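S.K.: So that you have it, the file is query_2.cif, and it contains mmCIF, C-alpha atoms and all ligand atoms:
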```
data_final
#
loop_
_atom_site.label_atom_id
_atom_site.label_comp_id
_atom_site.auth_asym_id
_atom_site.auth_seq_id
_atom_site.Cartn_x
_atom_site.Cartn_y
_atom_site.Cartn_z
CA MET A 300 0.00 0.00 0.00
CA SER A 301 1.12 3.55 -0.73
CA THR A 302 2.68 5.94 1.78
CA THR A 303 2.29 9.69 1.38
CA HIS A 304 4.17 12.33 3.36
CA VAL A 305 2.42 15.55 4.42
CA PRO A 306 3.90 18.22 6.69
CA LEU A 307 0.81 18.70 8.85
CA LEU A 308 -2.19 16.37 9.05
CA VAL A 309 -5.42 17.28 10.87
CA ILE A 310 -7.58 14.24 11.68
CA GLY A 311 -11.28 15.12 11.99
CA GLY A 312 -13.39 17.73 10.20
CA GLY A 313 -15.70 18.97 12.96
CA ILE A 314 -15.66 22.52 14.28
CA GLY A 315 -12.33 21.88 16.02
CA GLY A 316 -10.64 20.28 13.00
CA LEU A 317 -11.82 22.81 10.40
CA GLY A 318 -11.13 25.66 12.83
CA SER A 319 -7.58 24.46 13.42
CA ALA A 320 -6.93 23.84 9.71
CA LEU A 321 -7.94 27.43 9.07
CA ALA A 322 -5.96 28.95 11.94
CA LEU A 323 -2.86 26.94 10.97
CA ALA A 324 -3.15 27.94 7.31
CA ARG A 325 -3.61 31.58 8.31
CA ALA A 326 -0.34 31.17 10.23
CA GLY A 327 1.32 30.03 7.00
CA ARG A 328 1.21 26.25 7.42
CA THR A 329 0.32 23.83 4.63
CA VAL A 330 -2.50 21.69 6.04
CA HIS A 331 -3.97 18.35 4.98
CA LEU A 332 -7.26 17.45 6.71
CA VAL A 333 -8.91 14.03 6.66
CA GLU A 334 -12.48 13.28 7.71
CA GLN A 335 -14.08 9.83 7.93
CA ALA A 336 -17.57 10.92 6.82
CA PRO A 337 -18.41 11.25 3.11
CA ALA A 338 -19.27 14.93 3.66
CA PHE A 339 -18.57 17.60 6.28
CA THR A 340 -21.75 17.73 8.37
CA GLU A 341 -22.89 18.45 11.90
CA ILE A 342 -25.71 16.44 13.39
CA GLY A 343 -27.69 18.08 16.14
CA ALA A 344 -29.09 21.52 16.38
CA GLY A 345 -27.95 24.80 17.89
CA LEU A 346 -24.77 25.99 19.51
CA GLN A 347 -24.27 28.84 21.92
CA ILE A 348 -21.20 30.83 21.04
CA GLY A 349 -19.83 32.80 23.97
CA PRO A 350 -17.77 35.96 23.45
CA ASN A 351 -14.53 33.97 23.81
CA ALA A 352 -15.53 32.12 20.63
CA THR A 353 -17.00 35.10 18.74
CA ARG A 354 -13.57 36.66 19.44
CA ALA A 355 -12.00 33.55 17.87
CA PHE A 356 -14.25 33.94 14.81
CA ASP A 357 -13.10 37.55 14.56
CA ARG A 358 -9.44 36.48 14.67
CA LEU A 359 -10.21 34.10 11.78
CA GLY A 360 -11.86 36.94 9.86
CA LEU A 361 -15.27 35.22 9.97
CA LEU A 362 -17.28 37.16 12.57
CA ALA A 363 -19.29 39.15 10.02
CA GLU A 364 -20.37 35.93 8.26
CA LEU A 365 -21.27 34.29 11.55
CA SER A 366 -23.10 37.36 12.80
CA ASP A 367 -25.16 37.45 9.60
CA ILE A 368 -26.51 33.89 9.95
CA ALA A 369 -26.68 33.75 13.77
CA VAL A 370 -29.15 35.20 16.26
CA HIS A 371 -28.08 37.88 18.76
CA PRO A 372 -30.14 37.07 21.87
CA ARG A 373 -31.10 39.88 24.20
CA SER A 374 -30.45 37.79 27.31
CA ALA A 375 -30.39 34.32 28.83
CA VAL A 376 -33.39 33.61 31.02
CA VAL A 377 -33.43 30.86 33.65
CA ASN A 378 -36.76 29.45 34.80
CA ASP A 379 -37.77 26.75 37.27
CA ALA A 380 -39.07 23.89 35.08
CA HIS A 381 -41.64 22.79 37.65
CA THR A 382 -43.12 26.06 38.90
CA GLY A 383 -42.41 28.12 35.77
CA GLU A 384 -40.98 30.92 37.94
CA ARG A 385 -38.38 33.16 36.32
CA LEU A 386 -35.32 32.79 38.55
CA THR A 387 -32.69 34.97 36.91
CA THR A 388 -31.62 36.74 33.72
CA LEU A 389 -28.21 37.32 32.18
CA ASP A 390 -28.21 40.47 30.07
CA PHE A 391 -26.26 40.28 26.78
CA GLY A 392 -26.74 44.00 26.07
CA PRO A 393 -24.27 46.92 25.96
CA LYS A 394 -22.68 46.23 29.38
CA PHE A 395 -21.89 42.65 28.38
CA LEU A 396 -20.44 43.85 25.08
CA ALA A 397 -18.36 46.52 26.80
CA ARG A 398 -17.00 44.00 29.30
CA TYR A 399 -15.99 41.26 26.85
CA GLY A 400 -15.63 43.18 23.59
CA TYR A 401 -17.61 40.53 21.67
CA PRO A 402 -21.25 39.41 21.50
CA TYR A 403 -22.98 36.24 22.68
CA LEU A 404 -24.50 34.53 19.63
CA VAL A 405 -26.55 31.41 18.98
CA ALA A 406 -26.45 29.58 15.65
CA HIS A 407 -27.26 26.33 13.91
CA ARG A 408 -24.34 23.89 14.06
CA SER A 409 -24.43 23.25 10.34
CA ASP A 410 -24.27 27.02 9.63
CA ILE A 411 -21.17 27.32 11.83
CA LEU A 412 -19.53 24.31 10.22
CA ASN A 413 -20.36 25.62 6.76
CA ILE A 414 -18.74 28.99 7.45
CA LEU A 415 -15.54 27.24 8.54
CA LEU A 416 -15.72 24.78 5.63
CA GLN A 417 -16.16 27.47 2.96
CA ALA A 418 -13.28 29.46 4.49
CA CYS A 419 -11.08 26.32 4.38
CA LYS A 420 -12.04 25.76 0.73
CA ARG A 421 -10.99 29.34 -0.12
CA GLU A 422 -7.62 28.80 1.55
CA PRO A 423 -4.99 27.55 -0.96
CA LEU A 424 -2.83 26.03 1.80
CA ILE A 425 -5.59 23.60 2.87
CA THR A 426 -6.41 20.22 1.28
CA LEU A 427 -9.59 18.49 2.47
CA GLU A 428 -10.30 14.78 2.08
CA ASN A 429 -13.49 12.89 2.95
CA ASN A 430 -14.05 9.12 3.32
CA ARG A 431 -10.73 8.79 5.15
CA THR A 432 -11.07 6.77 8.36
CA VAL A 433 -7.98 6.63 10.53
CA VAL A 434 -7.53 3.26 12.20
CA ASN A 435 -4.09 3.66 13.75
CA VAL A 436 -1.62 6.37 14.73
CA GLU A 437 1.91 5.64 15.86
CA GLU A 438 5.16 7.53 16.01
CA SER A 439 8.78 7.04 15.02
CA SER A 440 11.46 9.50 16.07
CA LYS A 441 11.12 11.16 12.64
CA TYR A 442 7.36 11.48 12.16
CA ALA A 443 3.87 10.25 12.99
CA LEU A 444 2.51 7.32 10.98
CA VAL A 445 -1.22 7.31 10.26
CA THR A 446 -2.94 4.23 8.83
CA PHE A 447 -6.36 4.40 7.16
CA ALA A 448 -9.10 1.80 6.92
CA ASP A 449 -8.19 1.14 3.27
CA GLY A 450 -4.62 0.30 4.30
CA THR A 451 -3.00 3.48 2.95
CA VAL A 452 -0.51 5.28 5.19
CA TYR A 453 0.32 8.94 5.66
CA THR A 454 3.42 10.11 7.46
CA ALA A 455 3.36 13.61 8.91
CA ASP A 456 5.74 15.89 10.79
CA ILE A 457 2.76 17.06 12.84
CA VAL A 458 -0.57 15.31 13.46
CA VAL A 459 -3.42 17.26 15.02
CA GLY A 460 -5.99 14.92 16.57
CA ALA A 461 -9.36 16.67 16.18
CA ASP A 462 -11.31 13.42 16.06
CA GLY A 463 -13.79 14.07 18.83
CA ILE A 464 -14.70 12.43 22.11
CA LYS A 465 -13.97 8.87 20.90
CA SER A 466 -10.63 10.00 19.51
CA ARG A 467 -8.42 7.35 17.94
CA VAL A 468 -5.46 9.74 18.14
CA ARG A 469 -5.89 10.22 21.90
CA GLN A 470 -5.10 6.53 22.38
CA LEU A 471 -1.43 7.39 21.85
CA LEU A 472 -1.63 9.15 25.23
CA ASP A 473 -4.59 7.77 27.09
CA LYS A 474 -6.52 4.52 26.92
CA SER A 475 -9.39 5.58 29.21
CA GLU A 476 -13.02 5.56 28.03
CA PRO A 477 -15.43 8.54 27.95
CA VAL A 478 -17.43 8.94 31.17
CA PHE A 479 -21.26 8.71 31.02
CA SER A 480 -22.99 11.66 32.71
CA GLY A 481 -26.21 9.81 33.51
CA HIS A 482 -27.99 12.16 31.08
CA VAL A 483 -29.63 11.62 27.71
CA ALA A 484 -30.43 14.47 25.26
CA HIS A 485 -33.03 14.88 22.51
CA ARG A 486 -32.38 17.88 20.30
CA GLY A 487 -33.41 19.47 17.08
CA ALA A 488 -34.35 22.69 15.30
CA ILE A 489 -37.84 23.18 13.89
CA ASP A 490 -39.42 25.79 11.67
CA ILE A 491 -40.10 28.88 13.79
CA ALA A 492 -43.58 29.09 12.25
CA ASP A 493 -44.49 25.87 14.12
CA VAL A 494 -43.94 27.55 17.50
CA ALA A 495 -44.26 31.25 16.60
CA THR A 496 -46.95 32.13 19.11
CA GLU A 497 -45.69 29.99 21.98
CA VAL A 498 -42.02 30.83 22.38
CA ASN A 499 -39.76 33.68 23.38
CA HIS A 500 -38.01 34.87 20.18
CA ASP A 501 -35.52 37.21 21.86
CA ASP A 502 -33.79 35.16 24.52
CA VAL A 503 -31.94 31.96 25.27
CA VAL A 504 -34.33 30.21 27.65
CA LEU A 505 -33.32 27.55 30.16
CA TRP A 506 -35.80 25.59 32.25
CA MET A 507 -34.17 23.61 35.06
CA GLY A 508 -35.86 21.05 37.26
CA PRO A 509 -35.11 17.89 39.19
CA GLY A 510 -33.62 15.36 36.80
CA ILE A 511 -34.42 17.42 33.67
CA HIS A 512 -33.70 20.59 31.77
CA LEU A 513 -34.88 22.19 28.55
CA MET A 514 -32.80 24.71 26.57
CA GLN A 515 -34.47 26.81 23.86
CA TYR A 516 -33.32 29.51 21.46
CA PRO A 517 -33.87 30.66 17.87
CA VAL A 518 -31.16 30.03 15.25
CA ARG A 519 -30.52 30.83 11.55
CA ARG A 520 -31.57 34.51 11.63
CA GLY A 521 -34.60 33.48 13.69
CA GLU A 522 -35.98 31.14 10.99
CA LEU A 523 -35.57 27.99 13.11
CA TYR A 524 -36.17 27.24 16.77
CA ASN A 525 -33.68 25.04 18.60
CA GLN A 526 -34.68 22.87 21.56
CA VAL A 527 -32.55 20.52 23.64
CA ALA A 528 -34.34 18.41 26.26
CA VAL A 529 -32.10 16.52 28.67
CA TYR A 530 -33.00 14.08 31.42
CA GLU A 531 -31.41 11.57 33.71
CA SER A 532 -31.83 8.07 32.30
CA PRO A 533 -31.60 5.26 34.84
CA ARG A 534 -32.36 2.86 31.96
CA TYR A 535 -29.19 3.84 30.06
CA SER A 536 -27.18 3.66 33.27
CA ALA A 537 -28.58 0.15 33.90
CA GLY A 538 -27.54 -0.99 30.40
CA ARG A 539 -31.14 -1.47 29.21
CA ASP A 540 -32.06 -1.23 25.51
CA ASP A 541 -35.21 0.83 26.00
CA TRP A 542 -33.50 4.08 27.08
CA GLY A 543 -34.41 7.29 25.29
CA HIS A 544 -37.91 5.99 24.49
CA GLN A 545 -40.98 8.19 24.61
CA ASP A 546 -42.32 6.64 27.84
CA GLU A 547 -39.09 7.32 29.76
CA PHE A 548 -39.00 10.86 28.42
CA ASP A 549 -42.67 11.50 29.28
CA GLU A 550 -42.23 10.13 32.76
CA MET A 551 -39.26 12.41 33.48
CA PHE A 552 -40.98 15.53 32.12
CA ALA A 553 -44.42 14.80 33.63
CA PRO A 554 -43.91 17.06 36.68
CA ALA A 555 -42.83 20.02 34.49
CA CYS A 556 -45.01 23.12 34.08
CA ALA A 557 -47.39 23.45 31.11
CA GLU A 558 -44.99 25.65 29.05
CA VAL A 559 -42.26 23.01 29.23
CA ARG A 560 -44.65 20.15 28.48
CA ASN A 561 -46.08 21.99 25.47
CA ALA A 562 -42.58 22.73 24.19
CA ILE A 563 -41.26 19.19 24.49
CA ALA A 564 -44.22 17.86 22.52
CA LYS A 565 -42.38 19.36 19.51
CA ILE A 566 -39.02 17.68 20.24
CA ASP A 567 -37.76 15.21 17.66
CA MET A 568 -37.78 11.84 19.45
CA SER A 569 -36.29 9.89 16.55
CA ARG A 570 -32.79 10.10 17.98
CA ALA A 571 -31.37 10.37 21.50
CA TRP A 572 -27.81 11.17 22.54
CA PRO A 573 -26.33 9.76 25.76
CA VAL A 574 -24.07 12.53 27.07
CA PHE A 575 -20.43 11.75 27.91
CA ASP A 576 -17.38 13.74 28.92
CA ARG A 577 -13.79 12.93 29.83
CA ASP A 578 -11.49 13.48 32.75
CA PRO A 579 -8.83 16.18 32.21
CA LEU A 580 -5.40 15.09 30.96
CA ASP A 581 -2.02 16.50 32.09
CA THR A 582 -0.66 16.46 28.55
CA TRP A 583 -2.17 16.48 25.06
CA SER A 584 0.93 15.78 23.02
CA THR A 585 3.76 13.48 22.08
CA GLU A 586 6.71 14.43 19.89
CA HIS A 587 4.77 14.76 16.64
CA THR A 588 1.12 14.55 17.70
CA VAL A 589 -1.19 16.94 19.52
CA LEU A 590 -4.88 16.93 20.47
CA ILE A 591 -7.51 19.64 20.23
CA GLY A 592 -11.24 20.00 20.94
CA ASP A 593 -13.25 17.09 22.30
CA ALA A 594 -10.35 14.72 21.60
CA ALA A 595 -8.37 16.66 24.20
CA HIS A 596 -11.01 17.76 26.68
CA ALA A 597 -14.59 16.60 26.03
CA MET A 598 -16.78 18.36 28.58
CA LEU A 599 -20.45 18.33 29.55
CA GLN A 600 -22.56 20.95 27.81
CA TYR A 601 -23.56 22.89 30.93
CA LEU A 602 -21.21 25.82 30.24
CA GLY A 603 -21.97 25.83 26.49
CA GLN A 604 -18.23 25.72 25.85
CA GLY A 605 -17.08 22.52 24.08
CA ALA A 606 -16.98 23.99 20.58
CA CYS A 607 -15.97 27.44 21.90
CA GLN A 608 -12.93 25.93 23.60
CA ALA A 609 -12.10 23.92 20.46
CA LEU A 610 -11.91 27.20 18.52
CA GLU A 611 -9.73 28.74 21.21
CA ASP A 612 -7.48 25.64 20.96
CA ALA A 613 -7.23 26.13 17.21
CA LEU A 614 -5.89 29.66 17.59
CA GLY A 615 -3.71 28.71 20.56
CA LEU A 616 -2.05 25.90 18.60
CA ALA A 617 -1.49 28.09 15.53
CA ARG A 618 0.10 30.80 17.69
CA ALA A 619 2.32 28.33 19.52
CA LEU A 620 3.55 26.76 16.25
CA GLY A 621 4.13 30.29 14.95
CA GLY A 622 6.34 30.95 17.97
CA PHE A 623 8.40 27.76 17.49
CA PRO A 624 8.10 26.96 13.78
CA ASP A 625 10.94 24.39 13.78
CA ASP A 626 10.30 22.84 17.17
CA PRO A 627 6.81 21.30 17.30
CA ALA A 628 7.38 19.56 20.63
CA ARG A 629 8.19 22.90 22.27
CA ALA A 630 5.24 24.57 20.56
CA PHE A 631 2.95 21.79 21.84
CA LYS A 632 4.12 22.43 25.41
CA THR A 633 3.49 26.17 25.03
CA TYR A 634 0.02 25.44 23.63
CA GLU A 635 -0.75 23.02 26.46
CA SER A 636 0.36 25.33 29.21
CA ALA A 637 -1.97 28.03 27.86
CA ARG A 638 -4.93 25.76 27.17
CA ILE A 639 -5.00 22.87 29.66
CA PRO A 640 -5.73 24.97 32.80
CA ILE A 641 -8.83 26.62 31.31
CA THR A 642 -10.25 23.55 29.59
CA SER A 643 -9.64 21.38 32.69
CA LYS A 644 -11.57 23.94 34.71
CA CYS A 645 -14.41 23.80 32.18
CA GLN A 646 -14.47 19.99 32.42
CA THR A 647 -14.49 19.93 36.20
CA VAL A 648 -16.90 22.86 36.70
CA ALA A 649 -19.43 21.60 34.12
CA ARG A 650 -20.12 18.41 36.09
CA PRO A 651 -21.30 19.94 39.40
CA TRP A 652 -22.94 22.83 37.50
CA GLY A 653 -25.06 20.27 35.65
CA ARG A 654 -25.90 18.51 38.91
CA THR A 655 -27.05 21.87 40.31
CA TRP A 656 -29.41 22.29 37.34
CA HIS A 657 -30.86 18.82 37.93
CA THR A 658 -30.82 18.63 41.71
CA ASP A 659 -33.76 17.14 43.58
CA ASP A 660 -32.24 17.89 46.99
CA PRO A 661 -34.81 20.27 48.52
CA ALA A 662 -32.22 22.26 50.47
CA LEU A 663 -29.88 22.70 47.49
CA LEU A 664 -32.81 23.52 45.22
CA ALA A 665 -34.11 26.20 47.58
CA LEU A 666 -30.62 27.64 47.98
CA ARG A 667 -29.97 27.61 44.22
CA ASN A 668 -33.21 29.38 43.45
CA ARG A 669 -32.63 31.94 46.21
CA VAL A 670 -29.14 32.78 44.91
CA PHE A 671 -30.48 33.09 41.35
CA ARG A 672 -33.30 35.39 42.45
CA MET A 673 -30.80 37.69 44.16
CA ARG A 674 -28.31 38.12 41.33
CA ALA A 675 -28.49 41.15 39.06
CA ALA A 676 -28.89 40.65 35.30
CA ASP A 677 -25.65 42.55 34.69
CA ASP A 678 -23.60 40.68 37.29
CA TYR A 679 -20.94 39.05 35.09
CA SER A 680 -18.41 38.39 37.85
CA ASP A 681 -18.71 34.59 37.58
CA LEU A 682 -18.08 34.63 33.83
CA ASP A 683 -14.81 36.54 33.45
CA TRP A 684 -12.68 33.39 33.70
CA LEU A 685 -14.44 32.04 30.59
CA TYR A 686 -15.18 35.09 28.50
CA ALA A 687 -12.55 37.76 29.23
CA GLU A 688 -9.62 38.11 26.85
CA ARG A 689 -6.42 36.52 28.15
CA PRO A 690 -2.94 37.93 27.41
CA GLU A 691 -2.09 34.94 25.19
CA ASP A 692 -5.19 35.60 23.02
CA VAL A 693 -3.72 38.83 21.73
CA ALA A 694 -0.62 37.50 19.94
CA PRO A 695 -0.91 37.47 16.12
CA LEU A 696 -1.01 34.27 14.04
CA THR A 697 2.44 34.27 12.46
CA VAL A 698 5.18 31.93 11.35
C1 LIG B 1 -26.28 18.41 24.01
C2 LIG B 1 -25.02 19.17 23.70
C3 LIG B 1 -25.06 20.55 23.63
C4 LIG B 1 -23.89 21.28 23.38
N1 LIG B 1 -23.94 22.64 23.33
C5 LIG B 1 -22.81 23.35 23.12
C6 LIG B 1 -22.86 24.79 23.06
O1 LIG B 1 -23.91 25.38 23.21
N2 LIG B 1 -21.69 25.46 22.83
C7 LIG B 1 -20.49 24.81 22.64
O2 LIG B 1 -19.46 25.47 22.45
N3 LIG B 1 -20.43 23.45 22.69
C8 LIG B 1 -21.55 22.71 22.91
N4 LIG B 1 -21.49 21.35 22.91
C9 LIG B 1 -20.18 20.68 22.71
C10 LIG B 1 -19.77 20.65 21.22
O3 LIG B 1 -20.80 20.06 20.46
C11 LIG B 1 -18.48 19.85 21.04
O4 LIG B 1 -17.56 20.18 22.05
C12 LIG B 1 -17.83 20.15 19.70
O5 LIG B 1 -18.73 19.90 18.64
C13 LIG B 1 -16.56 19.31 19.54
O6 LIG B 1 -15.99 19.56 18.26
P1 LIG B 1 -14.76 18.68 17.77
O7 LIG B 1 -14.44 19.18 16.41
O8 LIG B 1 -13.69 18.66 18.79
O9 LIG B 1 -15.32 17.19 17.71
P2 LIG B 1 -16.44 16.56 16.76
O10 LIG B 1 -17.49 17.55 16.44
O11 LIG B 1 -16.87 15.29 17.40
O12 LIG B 1 -15.67 16.26 15.41
C14 LIG B 1 -14.81 15.15 15.28
C15 LIG B 1 -14.71 14.80 13.79
O13 LIG B 1 -13.72 13.79 13.64
C16 LIG B 1 -14.22 12.81 12.75
N5 LIG B 1 -13.54 11.55 13.11
C17 LIG B 1 -13.69 10.82 14.25
N6 LIG B 1 -12.93 9.74 14.21
C18 LIG B 1 -12.27 9.75 13.03
C19 LIG B 1 -11.34 8.86 12.42
N7 LIG B 1 -10.93 7.74 13.05
N8 LIG B 1 -10.84 9.18 11.19
C20 LIG B 1 -11.25 10.32 10.55
N9 LIG B 1 -12.15 11.19 11.08
C21 LIG B 1 -12.64 10.90 12.31
C22 LIG B 1 -15.72 12.77 13.02
O14 LIG B 1 -16.44 12.20 11.95
C23 LIG B 1 -16.02 14.24 13.23
O15 LIG B 1 -16.34 14.91 12.03
C24 LIG B 1 -22.64 20.59 23.17
C25 LIG B 1 -22.61 19.20 23.22
C26 LIG B 1 -23.79 18.48 23.48
C27 LIG B 1 -23.71 16.98 23.55
#
```
Go through the file and emit its structure as structure tokens.

M.R.:
Amino acid sequence: MSTTHVPLLVIGGGIGGLGSALALARAGRTVHLVEQAPAFTEIGAGLQIGPNATRAFDRLGLLAELSDIAVHPRSAVVNDAHTGERLTTLDFGPKFLARYGYPYLVAHRSDILNILLQACKREPLITLENNRTVVNVEESSKYALVTFADGTVYTADIVVGADGIKSRVRQLLDKSEPVFSGHVAHRGAIDIADVATEVNHDDVVLWMGPGIHLMQYPVRRGELYNQVAVYESPRYSAGRDDWGHQDEFDEMFAPACAEVRNAIAKIDMSRAWPVFDRDPLDTWSTEHTVLIGDAAHAMLQYLGQGACQALEDALGLARALGGFPDDPARAFKTYESARIPITSKCQTVARPWGRTWHTDDPALLALRNRVFRMRAADDYSDLDWLYAERPEDVAPLTV
């Protein structure tokens, strides 16, 4: 079978992989990207894009395109899913913009992926290949050796593992399995006309209740409405086959208020996603190989940060390789020392944050709701660690 040498190979064409291909090409690198699927697609529905990631889009020169297709919500509203009470609001208006310099947007996943894909296609330094499934990655002292399902082999000076939570590349460093959260999600975007009179068109709306939550927001310039319903699934945890079925879903959401029950009647039940994350790693790299995105730090969705952090990784890696163009191992260490602390914090904070959303402990529930009721809509003090610009974000993408 044939062996081909490429200088830099990105494995995986999700938001992290396409984002890193673009950032690396903008920094002057020639990039070859392989994706197992026959086309570049995102399954699922909406994504929340915090100001740390809209900043990343700006650095890639794509914020105007994103802004055009996205929705700019006025605020995030948190309600009690059982009583329907509004507990707190997070204002995304002028004070938020002044504090972080960038907006909070919500968009359809496929729109985000398409913006990155089209930008990669316009970039002469990037080659994209579909139908390329990596089955093995190993290293010699000279390069990384990547074997595909059809038996062909690529060697590369640098391999970027952007192959998601079940990463094959990660196995070079870590043989552990993803960790099940106990939660199952149903998600999808529907025509806004189907819910036009029932929903809030201006805000991201979160309903949190014991064992369940529902997240709602408009996407694609307000033409579609995204809903994600999540619940704790003892059936999945017990290894049963009948998890994610309508009766389990209905049972979990039965105590919810009428607005939530009406909304979930429009959720697409044809597919359910068990939700996994991973424990943080101390290192993401070997001599020639480095991880980004979910391959490096899959996290629960409760901070809305998995894809945002993947985009920050992409820029961080491109900057680090720009700083040490002839010494990838040193660049990887620079990248890791900037990125591992923040992503590890996301991973470890998202777990208890999710438990707080879902708690059925009466004392914790009362305390949570009381704290939420007391906070001001423009109190951003708990968000600076995620959203504020860090000194390392400012450096240009250069070689
Ligand atoms: C319910 C839910 C809600 C979420 N909400 C948000 C949110 O609001 N905001 C946010 O920022 N994040 C959110 N996330 C997280 C976000 O979806 C992920 O963190 C992000 O999509 C990860 O991108 P990635 O490119 O690293 O991985 P992936 O999107 O998984 O991409 C990996 C790619 O690699 C390819 N691949 C895998 N194996 C191979 C192989 N062997 N050979 C070749 N190709 C391969 C795959 O086909 C895929 O295209 C949410 C997640 C969930 C589950």

S.K.: Tell me which residues come within 10 Å of (4.6, 21.3, 21.6), as a PyMOL selection string, counting all atoms listed in the file in the file's coordinates.

M.R.: chain A and resi 457+582-589+616+619-620+623+626-636

S.K.: Residues within 12 Å of A:Glu364, please, as a PyMOL selection string. Count all atoms listed in the file; anything in the same chain fewer than 4 positions from it doesn't count.

M.R.: chain A and resi 353+356-357+359-360+368-370+406+410-415+417-418+519-520

S.K.: Could you pull out the residues sitting within 6 Å of ligand LIG 1 (chain B), using only C-alpha atoms and all ligand atoms, and write them as a ChimeraX atom specification?

M.R.: /A:310-316,333-336,346-348,431-434,461-464,466-467,484,574,592-594,600,603-607,609

S.K.: So how far away is atom CA of A:Ser439 from atom CA of A:Ala455, in Å?

M.R.: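 Spanning atom CA of A:Ala455 to atom CA of A:Ser439 is a straight-line distance of 10.5 Å.
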
S.K.: Which residue is closest to A:Phe391? Choose from A:Pro533, A:Asp501, A:Glu476, A:Lys441 and count all atoms listed in the file.

M.R.: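 Of A:Pro533, A:Asp501, A:Glu476, A:Lys441, the one nearest A:Phe391 is A:Asp501, counting all atoms listed in the file.
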
S.K.: Find the residue from A:Arg560, A:Arg674, A:His482, A:Lys565 that sits nearest to A:Arg654; use only C-alpha atoms when measuring.

M.R.: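 Among the listed residues, the smallest separation from A:Arg654 belongs to A:His482.
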
S.K.: Suppose you want the space between atom CA of A:Phe479 and atom CA of A:Val376; what is it in Å?

M.R.: 27.7 Å

S.K.: Quick one: everything within 12 Å of stretch 683-691 of chain A, counting all atoms listed in the file, minus sequence neighbours fewer than 3 positions away in the same chain. Send it as a PyMOL selection string.

M.R.: chain A and resi 348-355+395-403+602-605+607-608+611-612+614-619+622+633-634+636-638+640-645+648+678-680+694-696

S.K.: What separation in Å, quoted to one decimal, exists between atom CA of A:Asn430 and atom CA of A:Ala595?

M.R.: 22.9 Å

S.K.: Around all the atoms of stretch 348-362 of chain A listed in the file, draw an axis-aligned box and extend it by 3 Å on each of the six sides; I want its centre and edge lengths in Å to one decimal, as AutoDock Vina command-line options.

M.R.:
```
--center_x -15.3 --center_y 34.2 --center_z 16.9 --size_x 17.8 --size_y 12.7 --size_z 20.1
```

S.K.: A:Leu389, A:Val309, A:Leu590, A:Ala326: which is nearest A:Leu682, counting all atoms listed in the file?

M.R.: A:Leu389

S.K.: Could you tell me, as a PyMOL selection string, which residues have any atom at most 12 Å from (-43.4, 12.5, 29.6), counting all atoms listed in the file?

M.R.: chain A and resi 511+528+530+543-557+559-564+566+568

S.K.: For the residues in the current selection, export C-alpha atoms as a PDB file, in the frame of the given file.

M.R.:
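The result, stored in again27.pdb:
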```pdb
ATOM      1  CA  ILE A 511     -34.420  17.420  33.670  1.00  0.00           C
ATOM      2  CA  ALA A 528     -34.340  18.410  26.260  1.00  0.00           C
ATOM      3  CA  TYR A 530     -33.000  14.080  31.420  1.00  0.00           C
ATOM      4  CA  GLY A 543     -34.410   7.290  25.290  1.00  0.00           C
ATOM      5  CA  HIS A 544     -37.910   5.990  24.490  1.00  0.00           C
ATOM      6  CA  GLN A 545     -40.980   8.190  24.610  1.00  0.00           C
ATOM      7  CA  ASP A 546     -42.320   6.640  27.840  1.00  0.00           C
ATOM      8  CA  GLU A 547     -39.090   7.320  29.760  1.00  0.00           C
ATOM      9  CA  PHE A 548     -39.000  10.860  28.420  1.00  0.00           C
ATOM     10  CA  ASP A 549     -42.670  11.500  29.280  1.00  0.00           C
ATOM     11  CA  GLU A 550     -42.230  10.130  32.760  1.00  0.00           C
ATOM     12  CA  MET A 551     -39.260  12.410  33.480  1.00  0.00           C
ATOM     13  CA  PHE A 552     -40.980  15.530  32.120  1.00  0.00           C
ATOM     14  CA  ALA A 553     -44.420  14.800  33.630  1.00  0.00           C
ATOM     15  CA  PRO A 554     -43.910  17.060  36.680  1.00  0.00           C
ATOM     16  CA  ALA A 555     -42.830  20.020  34.490  1.00  0.00           C
ATOM     17  CA  CYS A 556     -45.010  23.120  34.080  1.00  0.00           C
ATOM     18  CA  ALA A 557     -47.390  23.450  31.110  1.00  0.00           C
ATOM     19  CA  VAL A 559     -42.260  23.010  29.230  1.00  0.00           C
ATOM     20  CA  ARG A 560     -44.650  20.150  28.480  1.00  0.00           C
ATOM     21  CA  ASN A 561     -46.080  21.990  25.470  1.00  0.00           C
ATOM     22  CA  ALA A 562     -42.580  22.730  24.190  1.00  0.00           C
ATOM     23  CA  ILE A 563     -41.260  19.190  24.490  1.00  0.00           C
ATOM     24  CA  ALA A 564     -44.220  17.860  22.520  1.00  0.00           C
ATOM     25  CA  ILE A 566     -39.020  17.680  20.240  1.00  0.00           C
ATOM     26  CA  MET A 568     -37.780  11.840  19.450  1.00  0.00           C
TER      27      MET A 568
END
```

S.K.: Between A:Ala320, A:Val498, A:Leu386, A:Ile425, which residue has the minimum interatomic distance to A:Phe671, considering all atoms listed in the file?

M.R.: A:Leu386

S.K.: Rank nothing, just name the residue among A:Ser374, A:Gln646, A:Gln470, A:Ser319 nearest to A:His500, using only C-alpha atoms.

M.R.: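 Once distances to A:His500 are computed over only C-alpha atoms, the minimum belongs to A:Ser374.
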